[in-house]
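**Q** Supplied structure: upload15.csv, CSV, C-alpha atoms.
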chain,number,residue,atom,x,y,z
A,15,ALA,CA,71.8,88.8,138.7
A,16,GLN,CA,69.1,90.3,140.9
A,17,SER,CA,66.6,87.7,139.8
A,18,ALA,CA,68.8,85.0,141.4
A,19,ARG,CA,68.2,82.7,138.4
A,20,PHE,CA,71.9,82.8,137.6
A,21,THR,CA,75.0,83.0,139.6
A,22,VAL,CA,77.5,85.9,139.1
A,23,SER,CA,80.1,83.4,137.8
A,24,GLU,CA,77.7,82.1,135.2
A,25,LEU,CA,76.8,85.6,134.0
A,26,CYS,CA,80.4,86.7,133.8
A,27,GLU,CA,81.3,83.7,131.7
A,28,GLN,CA,78.3,84.3,129.4
A,29,PHE,CA,79.4,88.0,128.8
A,30,GLY,CA,83.1,87.2,128.6
A,31,ILE,CA,84.3,89.3,131.6
A,32,SER,CA,86.1,88.5,134.8
A,33,ARG,CA,84.3,88.0,138.1
A,34,LYS,CA,86.1,91.0,139.4
A,35,THR,CA,84.7,93.2,136.7
A,36,GLY,CA,81.3,91.8,137.1
A,37,TYR,CA,81.2,92.5,140.9
A,38,LYS,CA,82.6,96.1,140.2
A,39,TYR,CA,79.6,97.0,137.9
A,40,LEU,CA,77.1,95.3,140.2
A,41,ASP,CA,78.4,97.4,143.1
A,42,ARG,CA,78.2,100.6,141.0
A,43,TYR,CA,74.7,99.8,139.9
A,44,ALA,CA,73.6,99.2,143.5
A,45,ALA,CA,75.1,102.6,144.6
A,46,GLU,CA,74.2,104.9,141.6
A,47,GLY,CA,71.9,103.1,139.3
A,48,MET,CA,72.4,103.3,135.6
A,49,LYS,CA,74.7,106.4,136.0
A,50,GLY,CA,77.2,104.2,137.7
A,51,LEU,CA,77.6,102.1,134.5
A,52,VAL,CA,79.0,105.1,132.5
A,53,VAL,CA,82.6,104.6,131.3
A,54,ARG,CA,84.9,106.5,133.6
A,55,SER,CA,88.3,108.0,133.0
A,56,HIS,CA,91.3,105.8,133.8
A,57,ARG,CA,93.5,108.8,134.5
A,58,PRO,CA,95.4,108.4,137.8
A,59,HIS,CA,94.3,110.5,140.8
A,60,GLN,CA,97.9,111.3,141.7
A,61,PHE,CA,101.1,112.0,139.7
A,62,PRO,CA,104.1,111.5,142.0
A,63,GLN,CA,106.6,112.2,139.1
A,64,ARG,CA,104.8,115.2,137.7
A,65,THR,CA,106.8,118.4,137.4
A,66,ALA,CA,106.0,120.9,140.1
A,67,ALA,CA,103.8,123.8,138.9
A,68,ALA,CA,106.5,126.3,140.1
A,69,VAL,CA,109.2,124.6,138.0
A,70,GLU,CA,106.9,124.4,135.0
A,71,ALA,CA,106.2,128.2,135.3
A,72,LEU,CA,110.0,128.9,135.4
A,73,ILE,CA,110.5,126.8,132.2
A,74,LEU,CA,107.7,128.8,130.4
A,75,ALA,CA,109.0,132.1,131.6
A,76,GLU,CA,112.6,131.4,130.4
A,77,ARG,CA,111.3,130.2,127.1
A,78,ARG,CA,109.2,133.3,126.5
A,79,LEU,CA,112.3,135.4,127.5
A,80,HIS,CA,114.6,133.4,125.1
A,81,ARG,CA,112.5,132.2,122.2
A,82,THR,CA,115.3,130.3,120.5
A,83,TRP,CA,116.3,128.3,123.5
A,84,GLY,CA,115.5,124.6,123.5
A,85,PRO,CA,115.3,121.9,126.2
A,86,LYS,CA,119.1,121.6,126.6
A,87,LYS,CA,119.6,125.2,127.4
A,88,LEU,CA,116.6,125.5,129.6
A,89,HIS,CA,117.7,122.4,131.6
A,90,LYS,CA,121.1,124.2,132.2
A,91,VAL,CA,119.3,127.4,133.2
A,92,LEU,CA,117.3,125.6,135.8
A,93,GLU,CA,120.5,124.2,137.4
A,94,VAL,CA,122.6,127.4,137.3
A,95,LYS,CA,120.3,130.3,137.4
A,96,HIS,CA,117.5,128.9,139.6
A,97,SER,CA,119.6,126.5,141.6
A,98,ILE,CA,117.4,123.4,141.0
A,99,GLU,CA,119.4,120.4,142.0
A,100,SER,CA,117.3,117.9,140.0
A,101,PRO,CA,115.6,119.7,137.1
A,102,PRO,CA,113.2,117.8,134.8
A,103,ALA,CA,114.7,115.7,132.0
A,104,ARG,CA,115.3,117.4,128.7
A,105,SER,CA,112.5,115.3,127.1
A,106,THR,CA,110.1,116.4,129.9
A,107,ILE,CA,111.0,120.1,129.2
A,108,GLY,CA,110.4,119.5,125.5
A,109,GLU,CA,107.0,118.0,126.3
A,110,ILE,CA,106.1,121.0,128.5
A,111,LEU,CA,107.0,123.4,125.6
A,112,ARG,CA,104.9,121.4,123.1
A,113,ARG,CA,101.9,121.2,125.5
A,114,HIS,CA,101.9,125.0,125.7
A,115,GLY,CA,102.4,125.6,122.0
A,116,LEU,CA,105.9,127.0,122.4
A,117,SER,CA,107.6,124.3,120.3
A,118,VAL,CA,106.6,122.8,117.0
A,119,GLN,CA,108.1,119.9,115.1
A,120,ARG,CA,110.3,121.0,112.2
A,121,ARG,CA,109.4,120.0,108.7
A,122,ARG,CA,111.8,119.2,106.0
A,123,LYS,CA,111.6,121.7,103.1
A,124,PRO,CA,109.8,120.1,100.2
A,125,GLY,CA,111.8,119.3,97.1
A,126,MET,CA,115.2,119.5,99.0
A,127,TYR,CA,117.9,117.2,97.7
A,128,VAL,CA,120.8,115.9,99.8
A,129,ALA,CA,124.4,117.0,99.1
A,130,LEU,CA,126.4,114.6,96.9
A,131,ASN,CA,129.6,114.2,99.0
A,132,ASP,CA,129.8,111.4,101.5
A,133,GLY,CA,132.7,112.8,103.5
A,134,LEU,CA,135.1,115.6,104.0
A,135,THR,CA,138.6,115.8,102.4
A,136,VAL,CA,141.6,115.9,104.8
A,137,PRO,CA,144.1,118.3,103.3
A,138,THR,CA,147.7,117.3,102.8
A,139,ARG,CA,149.1,120.3,101.1
A,140,PRO,CA,148.4,124.0,100.6
A,141,ASN,CA,145.4,124.8,98.3
A,142,HIS,CA,144.1,121.3,98.7
A,143,VAL,CA,141.0,122.5,100.5
A,144,TRP,CA,139.7,126.1,100.8
A,145,THR,CA,137.1,126.7,103.4
A,146,VAL,CA,134.6,129.5,102.6
A,147,ASP,CA,131.9,131.2,104.7
A,148,PHE,CA,130.2,134.5,105.5
A,149,LYS,CA,130.6,135.9,109.0
A,150,GLY,CA,127.3,137.0,110.4
A,151,TRP,CA,126.4,140.4,109.1
A,152,PHE,CA,126.4,143.6,111.2
A,153,ARG,CA,125.6,147.3,110.8
A,154,LEU,CA,128.4,149.8,110.2
A,155,GLY,CA,128.6,153.1,111.9
A,156,ASN,CA,126.7,154.8,109.0
A,157,GLY,CA,123.9,152.1,109.2
A,158,GLN,CA,124.9,150.2,106.1
A,159,ARG,CA,125.0,146.4,106.2
A,160,CYS,CA,128.3,144.5,106.1
A,161,ASP,CA,128.7,140.8,105.2
A,162,PRO,CA,132.3,139.7,105.8
A,163,LEU,CA,133.3,137.0,103.2
A,164,THR,CA,136.2,134.9,104.4
A,165,VAL,CA,138.3,132.3,102.5
A,166,CYS,CA,140.9,130.2,104.3
A,167,ASP,CA,143.4,127.5,103.3
A,168,ARG,CA,142.5,124.6,105.5
A,169,TYR,CA,146.0,123.1,105.5
A,170,SER,CA,148.0,126.1,106.4
A,171,ARG,CA,145.2,128.1,108.1
A,172,TYR,CA,146.3,131.0,105.9
A,173,LEU,CA,143.5,133.6,105.6
A,174,LEU,CA,143.3,134.2,101.8
A,175,ALA,CA,140.5,136.8,101.9
A,176,CYS,CA,138.5,138.8,104.3
A,177,ARG,CA,136.2,141.0,102.3
A,178,ALA,CA,133.5,143.5,103.5
A,179,GLN,CA,130.7,142.7,101.2
A,180,PRO,CA,127.4,144.8,101.1
A,181,ASN,CA,125.4,141.6,100.8
A,182,GLN,CA,125.6,137.8,100.1
A,183,GLN,CA,124.3,137.9,96.5
A,184,PHE,CA,125.8,135.8,93.8
A,185,LYS,CA,127.2,138.6,91.5
A,186,GLY,CA,129.3,140.4,94.1
A,187,THR,CA,130.6,137.1,95.6
A,188,LEU,CA,131.6,135.8,92.1
A,189,GLN,CA,133.6,139.0,91.5
A,190,THR,CA,135.4,138.6,94.8
A,191,PHE,CA,136.4,135.0,93.9
A,192,GLN,CA,137.5,136.0,90.4
A,193,ALA,CA,139.8,138.6,91.8
A,194,LEU,CA,141.1,136.2,94.5
A,195,MET,CA,141.8,133.4,92.1
A,196,ARG,CA,143.7,135.7,89.7
A,197,GLN,CA,146.1,136.4,92.6
A,198,ALA,CA,146.2,133.1,94.6
A,199,GLY,CA,145.3,130.6,91.9
A,200,VAL,CA,142.6,127.9,92.1
A,201,PRO,CA,142.2,125.2,94.8
A,202,GLU,CA,141.4,121.5,94.3
A,203,VAL,CA,138.4,121.5,96.8
A,204,ILE,CA,136.2,124.2,98.2
A,205,ARG,CA,134.2,123.4,101.4
A,206,VAL,CA,131.1,125.4,102.2
A,207,ASP,CA,128.0,125.1,104.3
A,208,HIS,CA,124.4,124.9,103.0
A,209,GLY,CA,123.8,128.7,103.0
A,210,THR,CA,123.4,131.1,100.1
A,211,PRO,CA,125.0,131.8,97.7
A,212,PHE,CA,127.0,128.6,98.1
A,213,ALA,CA,124.2,126.1,98.0
A,214,SER,CA,120.6,125.6,96.9
A,215,ILE,CA,117.8,123.1,97.4
A,216,GLY,CA,118.3,121.8,93.9
A,217,LEU,CA,120.2,118.9,92.4
A,218,GLY,CA,123.3,118.1,94.4
A,219,ARG,CA,122.6,121.3,96.5
A,220,LEU,CA,124.5,123.2,93.7
A,221,SER,CA,124.0,126.9,93.3
A,222,SER,CA,125.1,129.2,90.5
A,223,LEU,CA,128.3,129.9,92.4
A,224,SER,CA,129.1,126.3,93.1
A,225,ILE,CA,128.4,125.4,89.5
A,226,TRP,CA,131.0,128.1,88.5
A,227,TRP,CA,133.5,126.5,90.8
A,228,ILE,CA,132.9,123.1,89.2
A,229,GLU,CA,133.4,124.7,85.8
A,230,GLN,CA,136.8,125.8,87.1
A,231,GLY,CA,137.7,122.2,87.9
A,232,ILE,CA,137.1,122.6,91.6
A,233,ALA,CA,135.4,119.9,93.6
A,234,VAL,CA,132.7,121.3,95.9
A,235,GLU,CA,132.0,119.6,99.2
A,236,PHE,CA,129.3,120.6,101.7
A,237,THR,CA,129.5,120.3,105.5
A,238,GLY,CA,126.8,118.4,107.3
A,239,PRO,CA,123.5,120.2,108.0
A,240,ALA,CA,123.7,122.4,111.1
A,241,ALA,CA,127.3,121.0,111.6
A,242,PRO,CA,129.6,124.0,112.1
A,243,GLN,CA,132.2,121.6,113.6
A,244,ASP,CA,132.9,120.4,110.1
A,245,ASN,CA,134.5,123.8,109.5
A,246,GLY,CA,135.7,124.2,113.1
A,247,SER,CA,139.0,126.0,112.3
A,248,HIS,CA,137.1,128.5,110.2
A,249,GLU,CA,134.5,129.2,112.9
A,250,ARG,CA,137.3,129.6,115.4
A,251,MET,CA,138.9,132.2,113.1
A,252,HIS,CA,135.5,134.0,112.9
A,253,ARG,CA,135.4,134.3,116.7
A,254,ASP,CA,138.8,136.2,116.7
A,255,LEU,CA,137.7,138.3,113.7
A,256,LYS,CA,134.6,139.5,115.5
A,257,ALA,CA,136.5,140.2,118.8
A,258,GLU,CA,139.4,142.0,117.1
A,259,ALA,CA,138.2,143.6,113.9
A,260,ILE,CA,134.4,144.0,114.2
A,261,THR,CA,133.6,145.0,117.8
A,262,PRO,CA,132.9,147.9,117.6
A,263,PRO,CA,132.2,148.3,113.8
A,264,SER,CA,133.9,150.9,111.7
A,265,ALA,CA,132.2,154.1,110.4
A,266,ASN,CA,131.8,152.9,106.8
A,267,GLN,CA,132.6,150.0,104.4
A,268,ALA,CA,136.0,151.4,103.2
A,269,ALA,CA,137.2,151.9,106.8
A,270,GLN,CA,136.0,148.4,107.8
A,271,GLN,CA,137.8,146.9,104.8
A,272,ARG,CA,141.1,148.6,105.8
A,273,ARG,CA,140.6,147.2,109.3
A,274,PHE,CA,140.0,143.7,107.9
A,275,GLU,CA,143.2,143.9,105.8
A,276,ARG,CA,145.3,145.0,108.8
A,277,TRP,CA,143.9,142.2,110.9
A,278,GLN,CA,144.4,139.7,108.0
A,279,HIS,CA,148.1,140.5,107.8
A,280,THR,CA,148.5,140.1,111.5
A,281,TYR,CA,146.6,136.8,111.4
A,282,ASN,CA,148.8,135.4,108.6
A,283,TYR,CA,152.2,136.9,109.4
A,284,ASP,CA,152.3,137.7,113.2
A,285,ARG,CA,150.0,135.4,115.1
A,286,PRO,CA,151.3,132.0,116.1
A,287,HIS,CA,148.8,129.2,115.5
A,288,GLU,CA,148.4,126.4,118.0
A,289,SER,CA,147.5,123.7,115.3
A,290,LEU,CA,150.8,124.6,113.5
A,291,ASP,CA,152.9,124.1,116.6
A,292,GLN,CA,152.9,127.8,117.3
A,293,GLN,CA,154.2,128.7,113.8
A,294,ARG,CA,152.7,131.3,111.5
A,295,PRO,CA,150.4,130.4,108.6
A,296,CYS,CA,152.7,132.3,106.1
A,297,GLU,CA,155.4,129.7,106.8
A,298,PHE,CA,153.2,126.9,105.3
A,299,TYR,CA,151.3,128.6,102.6
A,300,GLN,CA,152.2,129.2,98.9
A,301,PRO,CA,150.0,130.2,96.0
A,302,SER,CA,148.4,127.6,93.8
A,303,SER,CA,149.9,126.6,90.5
A,304,ARG,CA,146.5,126.1,89.0
A,305,ARG,CA,145.3,129.2,87.2
A,306,LEU,CA,141.8,130.6,86.7
A,307,ASN,CA,140.0,129.8,83.5
A,308,GLU,CA,139.3,133.3,82.2
A,309,HIS,CA,137.8,132.2,78.9
A,310,ASP,CA,135.0,129.9,80.1
A,311,LYS,CA,136.0,126.9,78.0
A,312,PRO,CA,133.1,124.6,77.3
A,313,LEU,CA,132.9,121.4,79.4
A,314,VAL,CA,134.1,118.2,77.6
A,315,TYR,CA,132.1,115.0,78.1
A,316,ALA,CA,133.0,111.4,77.2
A,317,ALA,CA,132.2,110.1,73.8
A,318,ASP,CA,129.4,107.9,75.0
A,319,CYS,CA,127.6,110.9,76.6
A,320,GLU,CA,124.8,112.7,74.8
A,321,VAL,CA,125.4,116.4,75.4
A,322,LYS,CA,122.3,118.6,75.8
A,323,ARG,CA,121.8,122.2,76.9
A,324,VAL,CA,119.4,123.2,79.8
A,325,SER,CA,116.8,125.8,78.9
A,326,SER,CA,116.7,129.3,80.3
A,327,SER,CA,114.0,128.2,82.7
A,328,GLY,CA,116.0,125.2,84.0
A,329,PHE,CA,114.3,122.4,82.1
A,330,LEU,CA,115.9,119.6,80.1
A,331,ALA,CA,114.1,118.0,77.1
A,332,HIS,CA,114.8,114.3,76.5
A,333,GLU,CA,112.8,111.7,74.4
A,334,GLY,CA,109.7,113.8,74.5
A,335,LYS,CA,109.7,114.4,78.2
A,336,SER,CA,110.7,117.5,80.2
A,337,TYR,CA,112.9,117.3,83.3
A,338,HIS,CA,113.4,120.1,85.8
A,339,VAL,CA,117.1,120.5,86.4
A,340,GLY,CA,117.0,123.9,88.1
A,341,GLU,CA,117.5,127.5,87.2
A,342,ALA,CA,121.1,127.4,88.4
A,343,PHE,CA,121.9,125.1,85.4
A,344,ALA,CA,120.3,127.5,82.9
A,345,HIS,CA,122.1,127.4,79.5
A,346,LYS,CA,124.6,124.9,80.9
A,347,ARG,CA,125.7,121.8,78.9
A,348,VAL,CA,125.0,118.5,80.7
A,349,GLY,CA,125.8,114.9,79.7
A,350,LEU,CA,123.4,112.0,79.5
A,351,HIS,CA,124.9,108.5,79.9
A,352,LEU,CA,123.2,105.1,79.6
A,353,ASN,CA,124.7,102.9,82.3
A,354,ALA,CA,124.8,99.1,82.5
A,355,GLN,CA,121.4,99.0,84.3
A,356,SER,CA,119.8,100.8,81.3
A,357,GLN,CA,119.4,103.9,83.5
A,358,THR,CA,120.0,107.3,82.0
A,359,GLU,CA,122.4,109.2,84.2
A,360,LEU,CA,122.5,113.0,84.3
A,361,HIS,CA,126.0,114.5,84.7
A,362,PHE,CA,127.4,118.0,85.0
A,363,ALA,CA,131.1,118.0,84.4
A,364,ASN,CA,132.3,115.0,86.5
A,365,VAL,CA,129.4,115.3,89.0
A,366,HIS,CA,126.6,112.6,88.8
A,367,LEU,CA,123.5,114.6,89.5
A,368,GLY,CA,120.9,111.8,89.3
A,369,ASN,CA,119.1,109.4,87.0
A,370,LEU,CA,116.2,110.3,84.7
A,371,THR,CA,113.0,108.5,85.7
A,372,TYR,CA,109.6,108.3,84.2
A,373,GLY,CA,106.7,108.0,86.7
A,374,SER,CA,103.0,107.4,86.5
A,375,ALA,CA,100.9,110.5,85.7
A,376,GLY,CA,99.1,111.9,88.7
A,377,ARG,CA,97.6,115.1,90.1
A,378,PHE,CA,100.5,116.0,92.3
A,379,ARG,CA,103.2,113.7,90.8
A,380,PRO,CA,105.4,114.7,87.8
A,381,THR,CA,105.5,112.5,84.8
A,382,ALA,CA,109.2,112.9,84.6
A,383,TYR,CA,111.7,113.6,87.4
A,384,ILE,CA,115.3,113.1,88.4
A,385,ALA,CA,116.2,110.6,91.2
A,386,PRO,CA,119.3,111.5,93.2
A,387,PRO,CA,122.2,109.0,92.9
A,388,ASN,CA,122.9,106.6,95.8
A,389,HIS,CA,126.6,107.3,95.7
A,390,ASN,CA,129.0,110.2,95.3
A,391,PRO,CA,131.4,109.9,92.4
A,392,LEU,CA,133.6,112.7,93.8
A,393,ALA,CA,134.4,110.6,96.8
A,394,LYS,CA,136.3,108.0,94.7
Render the structure in this file as structure tokens.

**A**
Amino acid sequence: AQSARFTVSELCEQFGISRKTGYKYLDRYAAEGMKGLVVRSHRPHQFPQRTAAAVEALILAERRLHRTWGPKKLHKVLEVKHSIESPPARSTIGEILRRHGLSVQRRRKPGMYVALNDGLTVPTRPNHVWTVDFKGWFRLGNGQRCDPLTVCDRYSRYLLACRAQPNQQFKGTLQTFQALMRQAGVPEVIRVDHGTPFASIGLGRLSSLSIWWIEQGIAVEFTGPAAPQDNGSHERMHRDLKAEAITPPSANQAAQQRRFERWQHTYNYDRPHESLDQQRPCEFYQPSSRRLNEHDKPLVYAADCEVKRVSSSGFLAHEGKSYHVGEAFAHKRVGLHLNAQSQTELHFANVHLGNLTYGSAGRFRPTAYIAPPNHNPLAK
């Protein structure tokens, strides 16, 4: 361009750039020499929509004070506590937290299966659906831990059990249910969340306790992940339980259990319930006619099913291959059924757990595994 043998337009066409870009670099070269041709940042000099530094400092301070609070709560705090009329959007607050390392993206636990049920049963009679949950644990006056286990009839809102458990382990919970079902009978459906000991990350999310329920002829259905509204009436009962029978806690477990029993009687026989048109739960509830199977009768499968027993380590051997079913199914009898698509289905009682599949060998891939089903047979 300086030699004057070519026009700027000819050079721009030869190098495939616009005349505006050509003149820009010529002006930079004239002012700074070769340094002017270095690629520069395209970042804007001004950010009119950027969050004010003072507001960003408030967000970070509140987050460090309340480590479990997310963008929604922090957005409300800026409005109410700090009187900011137009706080940053929730997405902006989330980006600020990520930028400062105060928020990380959650990863799904490896190997987790989805629950088998597609929907929740609407009860039409007593003992149609029982809802089960553990109230958040607390310390008694003597320092011991207390985990209240509550069982409620969804239809009548009748509180069947409120037990002060020392923990949430399988053995103690099983004994509580055995004692309860000897007295009140067996329901048709039990609804639980994804916590222990009700669920696991194995096939169908079934645990040792939920497998025992299925052996009793009870259908198990799980609420949605992080969806306490699916058990809304049970959570509402827990709020009253905490306010009236837990705060403050009793001196020991025996005293706390007596307190629970008094409150349970009041809840069932004295307290009018709004969802029952201000009537009492005892006016709608009656014990179940289905009785507990005390003798652990073996499961019966259809004639076209091949019945096999799961090993003590949770593996199933079939046609020279080994499939991991889960330790919760140890020593249980399962049924293998060849469907119309020539797929081998794995069943436990009337629950379709998945299909046996053989994959290519690889370093991190099993040669045999179980693919979860695409439908829920219990929903039919």

**Q** Just give me the gap between atom CA of A:His366 and atom CA of A:Leu217 in Å, one decimal is fine.

**A**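 A separation of 9.7 Å between them.
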
**Q** A:Ala259, A:Glu202, A:Gln300, A:Gln189: which is nearest A:Ile228, counting all atoms listed in the file?

**A** A:Glu202

**Q** Neighbours of A:Glu235 within 7 Å (only C-alpha atoms; same-chain residues fewer than 4 positions away dropped), as a ChimeraX atom specification?

**A** /A:131,134,204-206

**Q** Leaving out stretch 90-105 of chain A and any residue of its chain fewer than 2 positions from it, which residues lie within 12 Å of it when counting all atoms listed in the file, given as a list of chain:residue names?

**A**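 Non-adjacent residues within range: A:Gln63, A:Arg64, A:Thr65, A:Ala66, A:Ala67, A:Ala68, A:Val69, A:Glu70, A:Ala71, A:Leu72, A:Ile73, A:Leu74, A:Ala75, A:Glu76, A:Arg77, A:His80, A:Trp83, A:Gly84, A:Pro85, A:Lys86, A:Lys87, A:Leu88, A:Ile107, A:Gly108, A:Glu109, A:Ile110, A:Leu111, A:Arg112.
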
**Q** Nearest to A:Glu297 among A:Leu220, A:Val321, A:Tyr172, A:Pro239, with distances taken over only C-alpha atoms: which residue is it?

**A** A:Tyr172

**Q** Env of A:His248: 12 Å cut, atoms = all atoms listed in the file, seq-sep filter 4 positions within chain, self excluded. Answer as an MDAnalysis selection string.

**A** chainID A and resid 144:149 163:174 176 205:207 242:244 252:255

**Q** For a test of reading the model, state the distance in Å between atom CA of A:Gly218 and atom CA of A:Tyr337, rounded to one decimal.

**A**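 Going from atom CA of A:Gly218 over to atom CA of A:Tyr337, I get 15.2 Å.
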
**Q** Taking (144.5, 124.2, 92.9) in the file's own coordinates, collect the residues within 7 Å, counting only C-alpha atoms, and hand them back as a VMD selection string.

**A** chain A and resid 141 to 142 199 to 202 302 to 304

**Q** Looking at A:Gly368, A:Arg177, A:Ser222, A:Gly133, which one is nearest to A:Gln271, with distances taken over all atoms listed in the file?

**A**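 Comparing A:Gly368, A:Arg177, A:Ser222, A:Gly133 against A:Gln271, the winner is A:Arg177.
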
**Q** Have a look at atom CA of A:Ala198 and atom CA of A:Ala233 and let me know their distance in Å, one decimal.

**A**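 Result for atom CA of A:Ala198 versus atom CA of A:Ala233: 17.1 Å, one decimal.
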
**Q** Out of A:Lys346, A:Arg250, A:Lys49, A:Arg113, which residue has the shortest atom-to-atom distance to A:Trp226 when counting all atoms listed in the file?

**A**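 Residue with the minimum atom-to-atom distance to A:Trp226: A:Lys346.
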
**Q** Using all atoms listed in the file, find the one residue out of A:Ser336, A:Ala178, A:Leu330, A:Leu194 that sits nearest to A:Leu360.

**A** A:Leu330

**Q** May I ask which of the residues A:Tyr43, A:Ser214, A:Asn245, A:Pro263 is the closest one to A:Val136, counting all atoms listed in the file?

**A**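 Of A:Tyr43, A:Ser214, A:Asn245, A:Pro263, the one nearest A:Val136 is A:Asn245, counting all atoms listed in the file.
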